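A.B. asks: You'll find final_28.txt just under this line, and it carries compact mmCIF, C-alpha atoms.
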# COMPACT_ATOMS: atom_id res chain seq x y z
CA MET A 1 128.97 -113.94 151.20
CA LYS A 2 126.48 -113.91 148.30
CA THR A 3 123.68 -113.77 150.81
CA LEU A 4 125.26 -110.70 152.43
CA TYR A 5 125.57 -108.94 149.06
CA SER A 6 121.96 -109.71 148.21
CA PHE A 7 120.81 -108.35 151.57
CA LEU A 8 122.80 -105.13 151.09
CA ALA A 9 121.36 -104.68 147.56
CA ILE A 10 117.80 -105.01 148.87
CA VAL A 11 118.51 -102.48 151.63
CA CYS A 12 119.90 -99.98 149.07
CA ILE A 13 116.88 -100.36 146.78
CA MET A 14 114.48 -99.83 149.70
CA ALA A 15 116.40 -96.76 150.82
CA LEU A 16 116.35 -95.29 147.30
CA GLY A 17 112.61 -95.88 147.04
CA ALA A 18 112.04 -94.11 150.35
CA VAL A 19 114.07 -91.11 149.16
CA VAL A 20 112.07 -90.86 145.89
CA THR A 21 108.76 -91.16 147.76
CA ALA A 22 109.79 -88.45 150.20
CA ALA A 23 110.88 -86.15 147.33
CA ILE A 24 107.56 -86.56 145.52
CA THR A 25 105.59 -85.98 148.72
CA ALA A 26 107.57 -82.81 149.39
CA LEU A 27 106.62 -81.31 146.01
CA PRO A 28 104.34 -78.24 146.04
CA PRO A 29 100.65 -79.01 145.24
CA ARG A 30 100.94 -77.64 141.67
CA ALA A 31 104.06 -79.64 140.90
CA LEU A 32 102.54 -82.73 142.50
CA ALA A 33 99.42 -82.41 140.36
CA ALA A 34 101.56 -82.00 137.26
CA ALA A 35 103.60 -85.06 138.18
CA GLU A 36 100.45 -87.10 138.73
CA ALA A 37 99.03 -85.93 135.40
CA THR A 38 102.23 -86.95 133.67
CA ALA A 39 102.28 -90.30 135.40
CA ALA A 40 98.60 -91.00 134.65
CA PRO A 41 97.54 -89.27 131.41
CA ALA A 42 93.86 -88.48 131.03
CA GLU A 43 91.72 -90.76 128.96
CA ALA A 44 92.01 -89.87 125.27
CA CYS A 45 89.03 -88.24 123.58
CA ASP A 46 86.92 -90.82 121.73
CA SER A 47 85.98 -89.28 118.38
CA SER A 48 84.27 -92.41 117.07
CA ARG A 49 80.97 -91.40 118.73
CA THR A 50 80.06 -87.74 118.37
CA VAL A 51 77.18 -85.29 118.32
CA GLN A 52 77.19 -82.27 116.00
CA VAL A 53 75.26 -79.12 116.88
CA SER A 54 75.18 -75.44 115.99
CA GLY A 55 74.92 -72.55 118.38
CA ALA A 56 73.80 -69.03 117.57
CA ALA A 57 73.48 -65.78 119.47
CA THR A 58 72.16 -62.32 118.71
CA ILE A 59 72.77 -59.19 120.78
CA ASN A 60 70.45 -56.28 120.00
CA ILE A 61 72.06 -52.90 120.62
CA THR A 62 71.32 -49.25 120.02
CA PRO A 63 73.72 -47.96 117.33
CA ASP A 64 76.04 -45.06 118.11
CA ARG A 65 77.25 -44.35 114.56
CA VAL A 66 75.56 -43.78 111.21
CA LEU A 67 76.96 -43.61 107.69
CA ILE A 68 74.93 -41.52 105.23
CA LYS A 69 75.58 -41.58 101.49
CA LEU A 70 74.16 -38.61 99.60
CA GLY A 71 74.47 -37.91 95.91
CA VAL A 72 74.04 -35.20 93.34
CA GLU A 73 73.21 -36.24 89.78
CA SER A 74 73.73 -33.52 87.19
CA ASN A 75 73.07 -33.36 83.43
CA ASN A 76 74.23 -30.86 80.81
CA ARG A 77 75.31 -30.64 77.19
CA THR A 78 79.09 -30.52 77.61
CA PRO A 79 81.56 -31.98 80.11
CA ASP A 80 82.55 -28.52 81.33
CA LEU A 81 78.99 -27.42 81.98
CA VAL A 82 77.93 -30.60 83.77
CA GLN A 83 81.06 -30.56 85.93
CA ALA A 84 80.47 -26.94 86.93
CA ASP A 85 76.83 -27.66 87.82
CA ASN A 86 77.69 -30.77 89.79
CA GLN A 87 80.62 -29.21 91.64
CA ALA A 88 78.51 -26.25 92.75
CA ALA A 89 75.69 -28.51 93.96
CA ILE A 90 77.88 -30.99 95.82
CA GLN A 91 79.77 -28.13 97.48
CA ARG A 92 76.48 -26.73 98.80
CA VAL A 93 75.65 -30.15 100.24
CA ILE A 94 79.06 -30.36 101.95
CA GLU A 95 78.74 -26.86 103.36
CA ALA A 96 75.28 -27.69 104.70
CA ALA A 97 76.76 -30.69 106.53
CA LYS A 98 79.60 -28.62 107.93
CA SER A 99 77.14 -25.99 109.17
CA LEU A 100 75.71 -28.69 111.44
CA GLY A 101 79.11 -29.22 113.05
CA ILE A 102 80.30 -32.21 111.01
CA ALA A 103 84.10 -32.27 110.73
CA ASP A 104 85.99 -32.43 107.42
CA LYS A 105 87.40 -35.85 108.32
CA ASP A 106 83.86 -37.25 108.51
CA ILE A 107 82.97 -36.15 104.96
CA SER A 108 84.51 -37.89 101.96
CA THR A 109 83.83 -38.59 98.28
CA ASP A 110 82.47 -42.11 97.98
CA TYR A 111 81.64 -42.36 94.27
CA TYR A 112 82.21 -40.19 91.21
CA LEU A 113 81.14 -41.17 87.71
CA VAL A 114 81.04 -39.23 84.43
CA GLN A 115 79.21 -40.83 81.51
CA PRO A 116 77.81 -39.74 78.15
CA VAL A 117 74.08 -39.57 77.50
CA TYR A 118 73.10 -40.93 74.06
CA GLU A 119 70.21 -39.97 71.82
CA ASN A 120 68.70 -43.41 72.26
CA TYR A 121 69.67 -46.92 73.31
CA ASP A 122 70.98 -48.01 69.89
CA ALA A 123 72.57 -44.74 68.78
CA LEU A 124 76.13 -43.56 69.39
CA THR A 125 75.22 -39.90 69.08
CA ILE A 126 75.97 -38.10 72.35
CA LYS A 127 73.44 -35.48 73.38
CA GLY A 128 74.99 -34.59 76.73
CA TYR A 129 76.81 -35.79 79.83
CA ARG A 130 75.84 -36.96 83.30
CA ILE A 131 77.78 -36.90 86.55
CA ASP A 132 76.92 -38.94 89.64
CA ASN A 133 78.78 -37.60 92.67
CA VAL A 134 78.26 -39.29 96.05
CA VAL A 135 79.62 -38.14 99.41
CA ALA A 136 79.76 -40.28 102.55
CA ILE A 137 79.03 -38.56 105.87
CA THR A 138 79.75 -40.25 109.21
CA LEU A 139 77.78 -39.10 112.25
CA ASN A 140 78.86 -39.80 115.83
CA ASP A 141 75.44 -38.67 117.04
CA VAL A 142 72.73 -40.80 115.42
CA SER A 143 69.95 -38.52 116.68
CA ARG A 144 71.04 -35.94 114.08
CA THR A 145 70.41 -38.23 111.12
CA SER A 146 67.11 -36.63 110.07
CA ALA A 147 68.52 -33.11 110.40
CA VAL A 148 71.47 -33.93 108.14
CA LEU A 149 69.23 -35.51 105.51
CA VAL A 150 66.87 -32.55 105.44
CA ALA A 151 69.73 -30.03 105.25
CA ALA A 152 71.44 -31.95 102.43
CA LEU A 153 68.26 -32.25 100.37
CA LYS A 154 67.55 -28.55 100.79
CA ALA A 155 71.11 -27.78 99.66
CA GLY A 156 70.71 -29.69 96.40
CA ALA A 157 71.25 -33.39 97.02
CA ASN A 158 68.88 -35.40 94.82
CA GLN A 159 69.95 -38.91 95.86
CA VAL A 160 69.93 -40.70 99.22
CA LEU A 161 71.77 -43.92 98.47
CA ASP A 162 72.30 -45.38 101.93
CA VAL A 163 71.69 -44.74 105.63
CA GLN A 164 73.60 -47.40 107.57
CA PHE A 165 73.56 -47.63 111.38
CA TYR A 166 76.40 -49.41 113.17
CA THR A 167 78.32 -49.53 116.43
CA SER A 168 81.80 -48.41 117.38
CA GLN A 169 81.98 -51.34 119.85
CA LEU A 170 81.56 -54.12 117.28
CA ARG A 171 84.50 -56.21 118.58
CA GLN A 172 83.18 -56.16 122.14
CA TYR A 173 79.68 -57.27 121.16
CA ARG A 174 80.93 -59.84 118.64
CA ASP A 175 83.03 -61.46 121.37
CA GLN A 176 80.02 -61.55 123.68
CA ALA A 177 77.83 -63.04 120.96
CA ARG A 178 80.48 -65.65 120.15
CA ASN A 179 80.71 -66.73 123.81
CA LEU A 180 76.93 -67.01 124.03
CA ALA A 181 76.83 -69.04 120.82
CA MET A 182 79.38 -71.51 122.21
CA LYS A 183 77.39 -71.81 125.43
CA ALA A 184 74.20 -72.47 123.45
CA ALA A 185 75.97 -75.16 121.40
CA GLY A 186 77.24 -76.91 124.54
CA GLU A 187 73.79 -76.90 126.15
CA LYS A 188 72.14 -78.25 123.01
CA ALA A 189 74.77 -80.99 122.67
CA GLN A 190 74.25 -82.08 126.28
CA ALA A 191 70.46 -82.12 125.85
CA LEU A 192 70.73 -84.28 122.73
CA ALA A 193 73.22 -86.62 124.37
CA GLU A 194 71.01 -87.13 127.44
CA ALA A 195 68.00 -87.79 125.22
CA GLY A 196 70.03 -90.58 123.62
CA GLY A 197 71.19 -92.03 126.91
CA ALA A 198 74.72 -90.62 126.78
CA GLN A 199 76.82 -87.71 128.05
CA THR A 200 78.96 -85.22 126.17
CA GLY A 201 82.71 -85.57 126.41
CA CYS A 202 85.43 -83.39 124.99
CA LEU A 203 85.03 -80.74 122.31
CA VAL A 204 86.30 -82.21 119.04
CA HIS A 205 85.70 -79.45 116.49
CA ILE A 206 84.64 -75.77 116.32
CA GLU A 207 83.80 -73.81 113.19
CA GLU A 208 82.57 -70.22 113.17
CA ASN A 209 80.30 -68.92 110.45
CA THR A 210 82.13 -65.72 109.56
CA TRP A 211 79.25 -64.39 107.46
CA SER A 212 77.55 -63.15 110.61
CA TYR A 213 78.14 -59.44 111.14
CA TYR A 214 75.32 -57.14 112.09
CA THR A 215 71.85 -56.54 110.72
CA GLY A 216 70.18 -53.15 110.77
CA TYR A 217 66.64 -52.96 112.15
CA TRP A 218 65.29 -50.21 109.96
CA TRP A 219 61.71 -48.96 110.20
CA GLY A 220 60.87 -51.41 112.96
CA GLY A 221 61.73 -54.55 110.98
CA ARG A 222 63.00 -57.56 112.86
CA ASN A 223 64.69 -59.47 110.04
CA ASN A 224 63.37 -62.95 110.79
CA GLN A 225 64.25 -63.37 114.45
CA ALA A 226 62.59 -66.80 114.28
CA LEU A 227 65.88 -67.96 112.78
CA TRP A 228 67.36 -67.80 116.29
CA THR A 229 64.71 -69.95 118.01
CA GLN A 230 66.19 -72.05 120.85
CA ASN A 231 69.40 -70.11 120.67
CA VAL A 232 70.31 -66.84 122.42
CA ILE A 233 68.91 -63.34 121.97
CA GLN A 234 69.92 -60.55 124.32
CA ASN A 235 69.27 -56.84 124.49
CA ALA A 236 72.45 -55.03 125.47
CA PRO A 237 72.16 -52.04 127.81
CA SER A 238 73.02 -48.76 126.15
CA ASP A 239 73.53 -45.17 127.25
CA SER A 240 72.65 -43.92 123.77
CA ARG A 241 69.52 -41.82 123.66
CA PRO A 242 66.88 -42.84 121.12
CA ASP A 243 66.20 -40.62 118.14
CA THR A 244 63.70 -37.91 119.06
CA GLY A 245 63.60 -36.40 115.61
CA GLU A 246 60.71 -36.60 113.21
CA PRO A 247 60.39 -39.24 110.46
CA PRO A 248 61.66 -40.50 108.06
CA ILE A 249 64.38 -42.00 110.27
CA SER A 250 63.71 -44.27 113.25
CA ILE A 251 66.92 -45.53 114.86
CA GLY A 252 65.68 -48.74 116.48
CA GLN A 253 68.35 -51.38 117.10
CA ILE A 254 70.92 -53.37 115.19
CA ALA A 255 71.73 -57.02 115.76
CA ILE A 256 75.23 -58.34 116.39
CA GLN A 257 75.22 -62.02 115.48
CA ALA A 258 77.49 -65.03 115.88
CA GLN A 259 77.02 -68.65 114.89
CA VAL A 260 79.23 -71.70 115.45
CA ASN A 261 79.15 -75.34 114.39
CA THR A 262 80.58 -77.74 116.96
CA THR A 263 81.27 -81.43 117.45
CA PHE A 264 81.38 -83.08 120.89
CA SER A 265 82.41 -86.64 121.70
CA LEU A 266 79.97 -88.96 123.46
CA ARG A 267 80.65 -91.12 126.48
Any chance you could give the structure as structure tokens?
C.D. replies:
Amino acid sequence: MKTLYSFLAIVCIMALGAVVTAAITALPPRALAAAEATAAPAEACDSSRTVQVSGAATINITPDRVLIKLGVESNNRTPDLVQADNQAAIQRVIEAAKSLGIADKDISTDYYLVQPVYENYDALTIKGYRIDNVVAITLNDVSRTSAVLVAALKAGANQVLDVQFYTSQLRQYRDQARNLAMKAAGEKAQALAEAGGAQTGCLVHIEENTWSYYTGYWWGGRNNQALWTQNVIQNAPSDSRPDTGEPPISIGQIAIQAQVNTTFSLR
């Protein structure tokens, strides 16, 4: 009798195993792969042997925006007189910009300072007052930069504090530069690993240098491109037309940069 029970138990176990095997085999490919991955987990990443490398990328692009900061500095004996002089001059500058088709929303006060002017450095006797009034003008057409500067100076501006070229597609180019920097880091890590008789494994750590933004190439400068040797430099295609105006402004290109520090395991 015991032998019969044992035989029946073995038959039941075999039948159950066949059912389970058939169920697993009938799973869709995706589910089957997931089941296999669960049953046999991948080998854990070994972080005891690593290689650390940096990757950098620069994308040179033609800017499509420019920010111009123009100022009027005025001096007079009393606060009322200096304010009247400065207000009249800065208004002429603004009107000159508007006459070139620049919208009100693209013109704003950036800096305004009133300060006394003393007889000399050590004295407290006030001989007059000075106002520094700066307006920021944003241009969506960089080829008009020279024309705006000339018009503003003719209208009474006596300070040009900044001419800053940039792009309205910064996010797009930063993402591209970041991807290129990661690719450069992976290639450098693999080259180093092979030179040492190993192979790269999993990616253990990524750190982005957030200082990288963009660098203006003004007056033909190249801002130490040697820094990016053995990394990635690309020139992005652009539909923007180069500046055809006369000096002093040459548009050139700006550089969108990204740099990452990475750690890969070795196997």
A.B. asks: For the atom pair atom CA of Thr167 of chain A and atom CA of Leu149 of chain A, what is the interatomic distance in Å to one decimal place?
C.D. replies: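 So the answer is 20.0 Å.
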A.B. asks: What gap, in Å, lies between atom CA of Asn86 of chain A and atom CA of Ala123 of chain A?
C.D. replies: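 Answer for the atom CA of Asn86 of chain A to atom CA of Ala123 of chain A separation: 25.7 Å.
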A.B. asks: Find the spatial neighbours of segment 45-55 of chain A, counting all atoms listed in the file, within a cut-off of 7 Å - ignore same-chain residues fewer than 5 positions away - and output them as a list in words.
C.D. replies: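 Neighbouring residues, sequence-local ones excluded: Ala181, Met182, Ala184, Ala185, Lys188, Ala189, Cys202, Asn231, Gln259, Val260, Asn261, Thr262, Thr263, Phe264, Ser265 and Leu266 of chain A.
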A.B. asks: As an exercise, work out the distance from atom CA of Arg130 of chain A to atom CA of Lys154 of chain A in Å and give it to one decimal place.
C.D. replies: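 Calculated distance between atom CA of Arg130 of chain A and atom CA of Lys154 of chain A is 21.1 Å.
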A.B. asks: Which is closest to Val134 of chain A among A:Leu192, A:Ala152, A:Ala57, A:Leu100, if we use only C-alpha atoms?
C.D. replies: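 Among A:Leu192, A:Ala152, A:Ala57, A:Leu100, it is A:Ala152 that comes nearest to Val134 of chain A.
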A.B. asks: Point out the residue among A:Asp141, A:Glu73, A:Glu207, A:Asp104 with the least atom-to-atom distance to Leu161 of chain A, counting only C-alpha atoms.
C.D. replies: A:Glu73
